[in-house]
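A quick write-up on the structure given underneath.
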Amino acid sequence: MKRKRLGALLAALVCALALAAPARAAEPLESFTDLDAGAWYAPGVRFCLKHELMAGYGNRIRIFAPNVAMTRAQLVTILWRMEGKPETGLTMQYTDVAEDVWYAPAARWATAEGLMTGYTVLQFAPDDPVTREQFAAILWRYARYRGGALPQLDDPAYERYGDRNEVSEYAEEAMRWACGMGIVTGMGSEAKGYWLMPWGNTSRAAAATMLMRFCLDLGIYE
């Protein structure tokens, strides 16, 4: 009896200490060996690390991989975290999303809400890279999901982008909105021209920057 009582007391003490322990702080940018604190992407990466929207790449916690393309699995998980990790009872039919894989709850939620559906009923394509126009369209849907109807924003300088006609029809309104909000700023210069590169892949560094602008514009985080 004494041993059982002692064991119960020890278990209770361990639980109490675990509850009292401070939450693990988010990893600072300086802890990653492939990030430059003075680079253009630093504010966005710091923001995403602070709010635990992004972390290390794969199992290598000291590698952020800023130039690697963001995948659909990564982006859907970020939005799910941003929303507070909601649960849904949706039964997915995707053959490429295992029930116990790390991004499954996020894919289930996003599919249920129509924020990010599969290419087909059976294919979510979690490892596919997210293009810049897809990124804009997904953020646009998520903004509508959080706040209802959005203003019809149109970047006055949208016409300057030399490849604006390459934006897919489904993403044009979203891209115009994203440019008007300052979430997407394009690339280039006055001398060489400005480009949206809508079909180009979204790097993790660019994604962090656009996510920061998006969150600050919508007041999701301070």
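As shown in the structure tokens, the chain order sets the letters A, B, ...; within each chain, residues go from 1, and ligands are also counted from 1 in the order they appear.
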
Requested in this report: From a DSSP pass on the backbone, collect the residues of stretch 15-168 of chain A flagged as alpha helix (DSSP H) and hand them back as a VMD selection string.
Outcome: chain A and resid 15 to 20 42 to 50 72 to 82 104 to 112 132 to 147

Query raised in the report: If you count only C-alpha atoms, which residues fall within 9 Å of A:Leu139, apart from same-chain ones fewer than 2 positions away, as a ChimeraX atom specification?
Result: /A:79,115,134-137,141-144,174,178,211,214

Next, write the just-selected residues to a file, as a PDB file, in the first residue's frame, keeping C-alpha atoms as the atom set.
```pdb
ATOM      1  CA  LEU A  79      -3.312  27.644 -42.200  1.00  0.00           C
ATOM      2  CA  LEU A 115     -10.122  26.257 -48.596  1.00  0.00           C
ATOM      3  CA  GLN A 134      -2.046  29.118 -56.031  1.00  0.00           C
ATOM      4  CA  PHE A 135      -0.627  30.716 -52.884  1.00  0.00           C
ATOM      5  CA  ALA A 136      -2.528  33.941 -53.590  1.00  0.00           C
ATOM      6  CA  ALA A 137      -5.758  32.049 -54.310  1.00  0.00           C
ATOM      7  CA  ARG A 141     -10.120  31.949 -49.806  1.00  0.00           C
ATOM      8  CA  TYR A 142      -8.842  31.860 -46.241  1.00  0.00           C
ATOM      9  CA  ALA A 143      -9.341  35.615 -45.853  1.00  0.00           C
ATOM     10  CA  ARG A 144     -12.949  35.218 -47.007  1.00  0.00           C
ATOM     11  CA  ALA A 174      -7.147  36.643 -55.883  1.00  0.00           C
ATOM     12  CA  ALA A 178      -3.145  40.111 -53.042  1.00  0.00           C
ATOM     13  CA  LEU A 211       2.233  35.089 -44.606  1.00  0.00           C
ATOM     14  CA  PHE A 214      -1.273  38.608 -44.766  1.00  0.00           C
TER      15      PHE A 214
END
```

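Interatomic distance, atom CA of A:Glu52 to atom CA of A:Ile220: 13.4 Å.
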
Requested in this report: From stretch 23-113 of chain A, collect each residue whose DSSP state is strand (DSSP E or B) and return the set as JSON, numbers by chain.
Outcome: {"A": [57, 60, 69, 71]}

Query raised in the report: If we count only C-alpha atoms, what is near stretch 193-195 of chain A at a cut-off of 8 Å, once residues fewer than 5 positions away on the same chain are taken out, given as a list in words?
Result: Arg160, Tyr161, Gly162, Asp163, Arg164, Gly186, Met187 and Gly188 of chain A

Requested in this report: Show which residues sit within 10 Å of A:Leu122, as a PyMOL selection string. Count only C-alpha atoms, and ignore same-chain residues fewer than 6 positions away.
Outcome: chain A and resi 92-97

Output the selection as a compact mmCIF listing (two decimals), in the first residue's frame - C-alpha atoms for each residue.
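Output below, filename part_26.txt:
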```
# COMPACT_ATOMS: atom_id res chain seq x y z
CA MET A 92 -11.40 12.01 -46.71
CA GLN A 93 -11.20 9.84 -49.79
CA TYR A 94 -7.69 10.87 -50.77
CA THR A 95 -5.56 7.86 -51.56
CA ASP A 96 -2.35 9.86 -51.04
CA VAL A 97 -3.13 11.11 -47.51
```

Report task. Extract, using only C-alpha atoms, all DNA, RNA and protein residues at most 9 Å from A:Val130, discarding same-chain residues fewer than 6 positions from it, and format them as a list in words. Result -> Ala69, Met70, Thr71, Arg72, Leu75, Trp199, Gly200, Asn201, Thr202 and Ser203 of chain A

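Of the listed residues (A:Met175, A:Leu218, A:Ala191, A:Ala208), A:Ala208 comes nearest to A:Ala55; the distances count only C-alpha atoms.
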
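Between atom CA of A:Ile63 and atom CA of A:Arg81 lies a distance of 20.6 Å.
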
Query - Computed interatomic separation between atom CA of A:Trp40 and atom CA of A:Gly56 (Å) - result: 18.6 Å
